[in-house]
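> Right, I'll just put the structure down here and ask away after.
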Amino acid sequence: MSSQKHLIAPSILAADFADLKKDIQMVNESEADWFHIDIMDGVFVPNISFGFPVMQAIAKHAQKPLDVHLMIVDPDRYLKVCKDSGAEIITVHYEACTHLHRTIAAIKELGCKAGVALNPHTPVSLLKDIIQDIDLVCLMSVNPGFGGQKFIERTYDKIKELRALAVENNTDLLIEIDGGVGTSNAGQLLAAGADVLVAGSFVFSSENPMETVKTLKAVDPSLKYV
Ligand code: DX5
Ligand code: ZN
């Protein structure tokens, strides 16, 4: 792992949109490290979540970095507004960017950390010529668009492949896992080489979300899987 301790990023997609402030406060007070913000356009993915005005409202109350996952076509059009809406990390999809190198440069010029997300069918090897330029790779462990889906087991092998690529080319790279993450797979994901765990429904559908974050943060891969 490139970071000392893994990071937890609760996904606001699973929060109570009628009472966002309460859930933002929960994340602020919890052991979570980032807010994971899912922006969808109904084109790249078959769903629409919320847009930048809502993100700005979240940013007003959030006391931790906003990790923004853009599930939109042609994200270049929205990088500036994304940064201005409070993003610290901007992740674009490999599959949505014809000129990914240019997009990554534009994100960095804005002063944000740059991430690339891969759909479950997209091989890790395609990152070979961009990995040295990015801060984070988000491996989708479900097909993007919806919360609460079943984790795709193939992800473990992808993490290992990506970690091997990162060891050679970018030792600071953070590997983030997004989709179907919970305590049943967190240890194995970390043992495979993940640094950041995104968790939506597992956190917000639980009885005590703050305690659930604490449990995810306390997962020790060496106890169970090594
Ligand atoms: C899915 C989003 C995820 C989603 C994860 O397209 O990118 O961030 O919120 O939700 P869970 O943790 O419920 O699978
Ligand atoms: Zn996401």
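Naming works like this for the structure tokens: A, B, ... for the chains as they're shown, residue 1 at the start of each chain, ligands 1 onward in shown order.
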Using only C-alpha atoms and all ligand atoms, find each residue with an atom at most 9 Å away from ligand 2 and format the answer as a list in words.
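Result of the 9 Å neighbour search around ligand 2: Ser11, Leu13, His36, Ile37, Asp38, Ile39, Asp67, Val68, His69, Leu70, Met71, Ala117, Cys138, Met140, Pro144, Gly145, Phe146, Gly147, Ile177, Asp178, Gly179, Val198, Ala199 and Gly200 of chain A.
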> Among region 102-203 of chain A, which residues does DSSP mark as helix (DSSP H, G or I) when it is run on the backbone? Keep the chain and numbering as in the structure and answer as a ChimeraX atom specification.
/A:102-109,124-127,131-133,155-169,183-192,201-203
> Store the residues picked out above, limited to C-alpha atoms, as a compact mmCIF listing (two decimals), in the first residue's frame.

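Just written: out-v6.txt:
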```txt
# COMPACT_ATOMS: atom_id res chain seq x y z
CA ARG A 102 -5.07 16.21 -21.92
CA THR A 103 -7.93 15.80 -19.45
CA ILE A 104 -5.54 14.73 -16.68
CA ALA A 105 -3.31 17.74 -17.39
CA ALA A 106 -6.36 20.03 -17.20
CA ILE A 107 -7.39 18.60 -13.82
CA LYS A 108 -3.89 19.16 -12.46
CA GLU A 109 -3.73 22.70 -13.85
CA VAL A 124 -5.81 -2.35 -15.98
CA SER A 125 -3.05 -2.73 -18.59
CA LEU A 126 -4.59 0.15 -20.60
CA LEU A 127 -3.28 2.53 -17.92
CA ILE A 131 -0.23 5.79 -14.71
CA GLN A 132 2.78 7.97 -13.99
CA ASP A 133 0.64 11.10 -14.48
CA THR A 155 -11.79 -7.00 -8.87
CA TYR A 156 -9.27 -8.70 -6.57
CA ASP A 157 -7.10 -9.75 -9.52
CA LYS A 158 -7.39 -6.27 -11.04
CA ILE A 159 -6.14 -4.70 -7.81
CA LYS A 160 -3.13 -7.01 -7.79
CA GLU A 161 -2.34 -6.23 -11.44
CA LEU A 162 -2.69 -2.53 -10.82
CA ARG A 163 -0.53 -2.64 -7.70
CA ALA A 164 2.19 -4.39 -9.71
CA LEU A 165 1.97 -1.68 -12.39
CA ALA A 166 2.10 1.03 -9.71
CA VAL A 167 5.16 -0.46 -8.02
CA GLU A 168 6.99 -0.12 -11.34
CA ASN A 169 5.65 3.27 -12.42
CA THR A 183 -16.89 -5.59 5.92
CA SER A 184 -17.24 -8.95 4.14
CA ASN A 185 -14.73 -7.97 1.44
CA ALA A 186 -12.81 -4.97 2.88
CA GLY A 187 -10.01 -7.06 4.37
CA GLN A 188 -9.43 -8.98 1.17
CA LEU A 189 -9.49 -5.77 -0.91
CA LEU A 190 -6.87 -4.17 1.31
CA ALA A 191 -4.77 -7.31 1.31
CA ALA A 192 -4.85 -7.29 -2.51
CA SER A 201 -25.26 1.61 0.99
CA PHE A 202 -23.15 -0.38 3.44
CA VAL A 203 -22.60 2.78 5.48
```
> Identify all residues of region 131-190 of chain A in strand (DSSP E or B) (DSSP on the backbone) and supply them as a PyMOL selection string.
chain A and resi 136-140+174-178
> Which residues come within 8 Å of Val116 (chain A), counting only C-alpha atoms, excluding same-chain residues fewer than 4 positions away, as a list in words?
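Here the answer would be Thr91, Val92, His93, Tyr94, Ile134, Leu136, Val137 and Cys138 of chain A.
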> Suppose you want the space between CA of Glu95 (chain A) and atom 6 (O, counted along the ligand's line) of ligand 1; what is it in Å?
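These atoms are spaced 14.0 Å apart.
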> With distances taken over only C-alpha atoms and all ligand atoms, which of A:Glu207, A:Glu176, A:Asp23, A:Asp33 is nearest to ligand 1?
A:Glu176
> Give the answer as one residue: which of A:Lys80, A:His101, A:His61, A:Lys113 has the shortest atom-to-atom distance to Asp172 (chain A), using only C-alpha atoms?
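Nearest candidate to Asp172 (chain A) out of A:Lys80, A:His101, A:His61, A:Lys113: A:Lys113.
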> To one decimal in Å, tell me the separation between CA of Val45 (chain A) and CA of Pro65 (chain A).
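Value for the CA of Val45 (chain A)-CA of Pro65 (chain A) distance: 24.5 Å.
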> Would you mind listing what lies within 8 Å of Lys83 (chain A) as a PyMOL selection string, with only C-alpha atoms counted and same-chain residues fewer than 4 positions away left out?
chain A and resi 79+87-88+90+110+112
> Produce a file of the selected residues containing all heavy atoms, as an mmCIF file, in the first residue's frame.

```cif
data_model
loop_
_atom_site.group_PDB
_atom_site.id
_atom_site.type_symbol
_atom_site.label_atom_id
_atom_site.label_comp_id
_atom_site.auth_asym_id
_atom_site.auth_seq_id
_atom_site.Cartn_x
_atom_site.Cartn_y
_atom_site.Cartn_z
ATOM 1 N N LEU A 79 -14.796 20.378 -15.781
ATOM 2 C CA LEU A 79 -13.707 20.309 -14.802
ATOM 3 C C LEU A 79 -13.621 21.574 -13.962
ATOM 4 O O LEU A 79 -13.439 21.521 -12.746
ATOM 5 C CB LEU A 79 -12.369 20.038 -15.506
ATOM 6 C CG LEU A 79 -12.282 18.702 -16.262
ATOM 7 C CD1 LEU A 79 -10.936 18.567 -16.954
ATOM 8 C CD2 LEU A 79 -12.532 17.521 -15.324
ATOM 9 N N ALA A 87 -14.239 20.443 -5.384
ATOM 10 C CA ALA A 87 -13.531 19.155 -5.549
ATOM 11 C C ALA A 87 -12.056 19.273 -5.193
ATOM 12 O O ALA A 87 -11.389 20.244 -5.556
ATOM 13 C CB ALA A 87 -13.658 18.673 -6.989
ATOM 14 N N GLU A 88 -11.564 18.279 -4.495
ATOM 15 C CA GLU A 88 -10.127 18.184 -4.235
ATOM 16 C C GLU A 88 -9.521 17.115 -5.157
ATOM 17 O O GLU A 88 -8.413 17.259 -5.646
ATOM 18 C CB GLU A 88 -9.895 17.825 -2.776
ATOM 19 C CG GLU A 88 -8.462 18.028 -2.360
ATOM 20 C CD GLU A 88 -8.316 18.249 -0.864
ATOM 21 O OE1 GLU A 88 -9.052 19.088 -0.292
ATOM 22 O OE2 GLU A 88 -7.481 17.584 -0.276
ATOM 23 N N ILE A 90 -10.514 14.894 -8.608
ATOM 24 C CA ILE A 90 -11.476 14.721 -9.704
ATOM 25 C C ILE A 90 -11.102 13.455 -10.467
ATOM 26 O O ILE A 90 -9.991 13.334 -10.987
ATOM 27 C CB ILE A 90 -11.497 15.929 -10.668
ATOM 28 C CG1 ILE A 90 -11.860 17.215 -9.919
ATOM 29 C CG2 ILE A 90 -12.462 15.677 -11.820
ATOM 30 C CD1 ILE A 90 -11.912 18.479 -10.788
ATOM 31 N N LEU A 110 -5.825 22.826 -12.679
ATOM 32 C CA LEU A 110 -6.804 23.453 -11.781
ATOM 33 C C LEU A 110 -6.364 23.343 -10.321
ATOM 34 O O LEU A 110 -6.981 23.924 -9.431
ATOM 35 C CB LEU A 110 -8.163 22.779 -11.952
ATOM 36 C CG LEU A 110 -8.922 23.080 -13.246
ATOM 37 C CD1 LEU A 110 -10.098 22.121 -13.398
ATOM 38 C CD2 LEU A 110 -9.399 24.525 -13.276
ATOM 39 N N CYS A 112 -6.159 20.327 -8.720
ATOM 40 C CA CYS A 112 -6.792 19.144 -8.102
ATOM 41 C C CYS A 112 -5.930 17.905 -8.318
ATOM 42 O O CYS A 112 -5.080 17.866 -9.195
ATOM 43 C CB CYS A 112 -8.160 18.894 -8.736
ATOM 44 S SG CYS A 112 -9.359 20.181 -8.368
#
```
> Go through A:Leu139, A:Leu20, A:Met26, A:Met55 one by one, measure the shortest atom-to-atom distance of each to ligand 1 using only C-alpha atoms and all ligand atoms, and give the residue with the smallest value.
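Of A:Leu139, A:Leu20, A:Met26, A:Met55, the one nearest ligand 1, counting only C-alpha atoms and all ligand atoms, is A:Leu139.
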